[in-house]
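These notes concern the structure reproduced below.
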Amino acid sequence: MDITRTVGSTVTGVAEQARTIGGTVTTIARTGLLAPVRPDKLARMGAAFLRYGPTLAAALAVGAVRCPDRIAVIDDAGQLTYAEIAAQARALGAGLRELGVQQGDQVGVLLRNGRHMVITLAALSHVGADALLLNTGFAGPQAAEVMERHDAKAVIHDQEFLDIVDDAAAGRLRVVGWVESEVGEGATCIDELIEKYAGADPGKPGRESKLIILTSGTTGTPKGAARGGSSTAVAASLLDGMPLKAGDTTVIACPIFHAWGLANLAVALVLECTLVLPRTFDPERTLALVEETGAAVLAVVPVMLQRMADLPEDVRQRYDVRSLRVVGSSGSALPGDLPERFMDAFGDVIYSLYGSTEVGYVSVASPRDLRSTPGTAGRVIRNVKVELLDDNDRAVQDGEVGRIFIGSPLLIDGYTGGGDKKRVRGLMSSGDMGCFDGDGRLQVTGRDDDMIVSGGENVFPGEVENLLASQPEIEEAAVLGVPDEKFGQRLVAFVVTREGQQLDAETVRGRVKKELANYKVPREVVFLDELPRNATGKVLKRELKQVGADRGGDTADSGKG
C-alpha cells in the first residue's frame, strides 16, 4: 500500500468536506436564519429535529418554538401561525394513527395548495408514513393505477376530486381536505380530525417519512420517485443560487405536488417564511397577492410567467410588485424571449432552475445570465457535479454536446415500481443533452430521447423550438419527430400564434430555413389554439406525437394561425 498516497487522499477528502461544510454554513448565515436563540429554545428545536429527522414535521416544530406567532400560511381559508399549524399537524397525525395509518404505509395525497397540503405532509411525518403525491390533473384510471401500484393504505383528497378517486379509494381509508359543500354521512374530514384530536400526541415515528414524487409522465406513465428528508448541502446550494432570506413572504403559485413546488415549500419552512398558497393560479390575482402581502418571493412554472407577461399593460400596472426580489421558475425551459419580456415588465427578478425529479437541482440561471444568454440553464450549483458523456460514456471535448450526467446528494435510489435512470460511475443521467458555453453556463439542447434521425441527419427539436418561440407572432411552439416511410422520421412543428396574429406554414418554414440547416426545417407545421399541457405546465408531447402520426404525409400544412 502507498501510505503517502492514502494519507494525501484522506487529507484532500477531509479538506474538501470542510470546505463544503464551511460554504454551507456561510450560505445559511447569509439568509439571517442563524440569529441567536435562547438556550431553552435551542434545546427544544434540537429535540424536534432528532425526533422527526429532516422532515416537514420538524420544520413546523422548530418554527413553532422560534417564532410561534409568525404567520406561517395564508390561504383561501385565512391564516395560521407557526404555533397553530404545528399543533394542527400533530393533531391530524394522531387522528390518522387512530384510524389505522401506520409507519411505513403509503398514503395518496390529492390536494391543491393550501393549509391542508402542508398539514397533511407534516402529519404523515409524525406518523412515519410516506406521502404519495398525486397529480391534480389525473383522470380516475390514472389515480387508481398509481394507488394500486403503490399499494396505498389511504387517500387524502379535496372534495372536488371525489369522482376522480372513487375507484382509487375502493377498500382504502378516505379523508377529505378542502370542503366546498356537505360531504355526506360517513365522510372523514381533515378539519374534524384536527378538532377531535387537538392536543393529542401522535407519538414518535419509528422511521423517517418519505415523499414520493411522480414524474410528469409527459411521454408515458408517471413513475414514483421516493425521496427522504431534504439535504442541507443541496438546500444551501439552492440558497446560494437565489437571494432568499429568512422570514420572507413567499407566494407558491406552482403546485406543491410537483417537485418544484415541494422544494419551495420545504425551503420556505426551513427559513421560517410566511407562505401564501392560492388554491389555483390566476395571473392577475397572483400579482394582487404579491402586492397585498408584500411578497419577496414568487415560485412559478414557465407557463405562469408567460400568462403574467401576456396580461395587458394597463392590467399589469394596477399592481405594485416592487417587493419581489426573486421569481423562481422551474419545471421546463423558458421559451424564446419570455425572460426578457417578463423582466422588462416586472424587473430583473427571474431565477430559472434546471433539474428533474430524479436528480434534484442542477443549475441556476440568474437574471444576468438570462439577459446575456436567453435559454441558458445557468451555472452549476454548489455540491452538484455535471459531466457530459458521449455514447461510449466518455467525457466529450470542451464545447461539444453530450449526454448530461449528474452527481448530487438528491439523486433518487430508483423508481418505486422498479427500474432506474442510467448511471455511470455514480452519476445519473438527467435524460438531457447539453454543452457548456465559454462562460461556464450549461446549455440544454434537448432530450436525449428526443433526437430524431431524418434522412440520415441527427436533429434535436429544442433548437428549432427556441427559434420558433422567438418569432414575434408565435406564442409558443413544440417540435417533434414522427414516423415517416421515406425519411425514417419527419419533423413536425406545432405552433400557437399570439392573439390577432396571422402566419402560414410556408412563412414558418422559411424563417427556420433562413437560420438553420435545411434538414432542421419542419416538413409540417400544425397550427393549434393551445399546446396540451399537464397540471405543472409541461407540454404533453405524447399527445402531439399522436396528432402528427395521424396526419401522415410529407408536405407542409397550409393552414393559418
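Residue numbering restarts at 1 in every chain; chains get A, B, ... in the order shown in the C-alpha cells, and ligands count up from 1 in that same order.
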Pick out the residues sitting within 12 Å of Asp69 (chain A), and hand them over as an MDAnalysis selection string; count only C-alpha atoms, and ignore anything fewer than 3 positions along from it in its own chain. chainID A and resid 63:66 72:73 79:86 272 274
Could those selected residues go to a file with C-alpha atoms, as a PDB file, in the first residue's frame?
```pdb
ATOM      1  CA  GLY A  63     -40.754  27.289  13.667  1.00  0.00           C
ATOM      2  CA  ALA A  64     -43.311  26.926  16.450  1.00  0.00           C
ATOM      3  CA  VAL A  65     -40.503  27.191  19.010  1.00  0.00           C
ATOM      4  CA  ARG A  66     -38.518  30.039  17.467  1.00  0.00           C
ATOM      5  CA  ALA A  72     -46.919  30.507   8.573  1.00  0.00           C
ATOM      6  CA  VAL A  73     -49.658  30.130   5.945  1.00  0.00           C
ATOM      7  CA  GLN A  79     -54.148  32.396   8.007  1.00  0.00           C
ATOM      8  CA  LEU A  80     -52.365  30.246  10.592  1.00  0.00           C
ATOM      9  CA  THR A  81     -49.344  30.966  12.780  1.00  0.00           C
ATOM     10  CA  TYR A  82     -46.425  28.557  13.140  1.00  0.00           C
ATOM     11  CA  ALA A  83     -47.708  27.518  16.569  1.00  0.00           C
ATOM     12  CA  GLU A  84     -51.211  26.879  15.199  1.00  0.00           C
ATOM     13  CA  ILE A  85     -50.209  24.898  12.123  1.00  0.00           C
ATOM     14  CA  ALA A  86     -47.665  22.786  14.045  1.00  0.00           C
ATOM     15  CA  GLU A 272     -39.475  30.319   8.684  1.00  0.00           C
ATOM     16  CA  THR A 274     -44.766  33.263   5.533  1.00  0.00           C
TER      17      THR A 274
END
```
Thr497 (chain A): which residues within 10 Å, counting only C-alpha atoms, same-chain residues fewer than 3 positions away excluded, as a PyMOL selection string? chain A and resi 469+471-477+500-503+527-530+560-561
Please provide the set of residues having any atom within 7 Å of region 436-451 of chain A, restricted to only C-alpha atoms, with same-chain residues fewer than 5 positions apart removed, written as an MDAnalysis selection string. chainID A and resid 376:379 399 403 431 458:463
Residues of the last selection are to be written out with C-alpha atoms, as a JSON list (two decimals), in the first residue's frame.
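To be explicit, this is the file written out as again23.json:
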```
[["chain", "number", "residue", "atom", "x", "y", "z"],
["A", 376, "THR", "CA", -29.37, 29.07, -20.68],
["A", 377, "ALA", "CA", -29.70, 26.60, -17.80],
["A", 378, "GLY", "CA", -27.20, 28.75, -15.91],
["A", 379, "ARG", "CA", -24.36, 27.79, -13.61],
["A", 399, "GLY", "CA", -17.79, 22.91, -26.35],
["A", 403, "ARG", "CA", -25.49, 13.46, -22.51],
["A", 431, "GLY", "CA", -32.16, 12.42, -19.81],
["A", 458, "ASN", "CA", -29.46, 13.98, -36.45],
["A", 459, "VAL", "CA", -31.84, 16.72, -35.28],
["A", 460, "PHE", "CA", -32.57, 17.95, -31.75],
["A", 461, "PRO", "CA", -36.01, 19.62, -31.74],
["A", 462, "GLY", "CA", -35.11, 22.05, -28.92],
["A", 463, "GLU", "CA", -33.02, 24.21, -31.25]]
```
For Leu56 (chain A), list every protein, DNA or RNA residue within 6 Å, evaluated using only C-alpha atoms, and leave out those in the same chain fewer than 2 positions away; present the list as an mmCIF file with C-alpha atoms, in the first residue's frame.
```cif
data_model
loop_
_atom_site.group_PDB
_atom_site.id
_atom_site.type_symbol
_atom_site.label_atom_id
_atom_site.label_comp_id
_atom_site.auth_asym_id
_atom_site.auth_seq_id
_atom_site.Cartn_x
_atom_site.Cartn_y
_atom_site.Cartn_z
ATOM 1 C CA ALA A 58 -39.521 19.060 12.188
ATOM 2 C CA ALA A 59 -39.601 22.335 10.213
ATOM 3 C CA ALA A 122 -46.306 17.171 8.201
#
```
Out of A:Ile406, A:Ile412, A:Val321, A:Met242, which residue has the shortest atom-to-atom distance to Met433 (chain A) when counting only C-alpha atoms? A:Ile406
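You can rank A:Asp248, A:Asp191, A:Glu340, A:Glu515 by their closest distance to Gln88 (chain A) using only C-alpha atoms, and at the top of that list sits A:Asp191.
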With a distance cut-off of 12 Å and only C-alpha atoms, select the neighbouring residues of Tyr197 (chain A), excluding the residue or stretch itself and same-chain residues fewer than 4 positions from it, and output the selection as a PyMOL selection string. chain A and resi 87-99+190-193+201-202
Determine which residues of region 82-243 of chain A receive a DSSP assignment of alpha helix (DSSP H), computed from the backbone, and state them as an MDAnalysis selection string. chainID A and resid 82:99 115:127 140:149 190:196 232:241
Shell around Val176 (chain A) at 8 Å using only C-alpha atoms, local window under 6 positions removed, as a PyMOL selection string: chain A and resi 156-159+187-190
Export C-alpha atoms of the chosen residues as a PDB file, in the first residue's frame?
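again28.pdb was written with the following content:
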```
ATOM      1  CA  ILE A 156     -56.454  12.174   1.412  1.00  0.00           C
ATOM      2  CA  HIS A 157     -58.121  14.413  -1.159  1.00  0.00           C
ATOM      3  CA  ASP A 158     -60.057  17.629  -1.680  1.00  0.00           C
ATOM      4  CA  GLN A 159     -63.806  17.332  -2.124  1.00  0.00           C
ATOM      5  CA  ALA A 187     -67.017  11.030   5.355  1.00  0.00           C
ATOM      6  CA  THR A 188     -63.992  11.858   7.494  1.00  0.00           C
ATOM      7  CA  CYS A 189     -62.614  15.383   7.099  1.00  0.00           C
ATOM      8  CA  ILE A 190     -59.194  16.775   7.996  1.00  0.00           C
TER       9      ILE A 190
END
```
Find the nearest atom pair between each residue of region 483-551 of chain A and region 257-263 of chain A for residues within 12 Å, count only C-alpha atoms, give distances in Å to one decimal, sort rows by chain and ascending number, and present the table as JSON lines.
```
{"residue": "A:Asn534", "atom": "CA", "partner": "A:His258", "partner_atom": "CA", "distance": 11.0}
{"residue": "A:Ala535", "atom": "CA", "partner": "A:His258", "partner_atom": "CA", "distance": 9.0}
{"residue": "A:Thr536", "atom": "CA", "partner": "A:His258", "partner_atom": "CA", "distance": 7.1}
{"residue": "A:Gly537", "atom": "CA", "partner": "A:His258", "partner_atom": "CA", "distance": 10.6}
{"residue": "A:Lys538", "atom": "CA", "partner": "A:His258", "partner_atom": "CA", "distance": 11.3}
```
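Closest approach to Val380 (chain A) among A:Gly407, A:Gly199, A:Gly171, A:Gly128: A:Gly407, based on only C-alpha atoms.
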What residues in region 259-474 of chain A get the DSSP label strand (DSSP E or B)? Please answer as a ChimeraX atom specification. /A:274-277,297-300,326-329,350-356,360-365,378-380,385-389,395,402-407,415,423-424,427-436,442-447,452-454,457-459,474
Give me, please, the distance in Å between CA of Arg325 (chain A) and CA of Ala345 (chain A), quoted to one decimal.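 Straight-line distance from CA of Arg325 (chain A) to CA of Ala345 (chain A) works out to 14.0 Å.
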Quick check, in Å to one decimal: how far apart do CA of Arg341 (chain A) and CA of Leu244 (chain A) lie?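 Going from CA of Arg341 (chain A) over to CA of Leu244 (chain A), I get 23.3 Å.
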Length of the CA of Gly224 (chain A) to CA of Ser329 (chain A) vector [Å]: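 We find that CA of Gly224 (chain A) and CA of Ser329 (chain A) lie 22.7 Å from each other.
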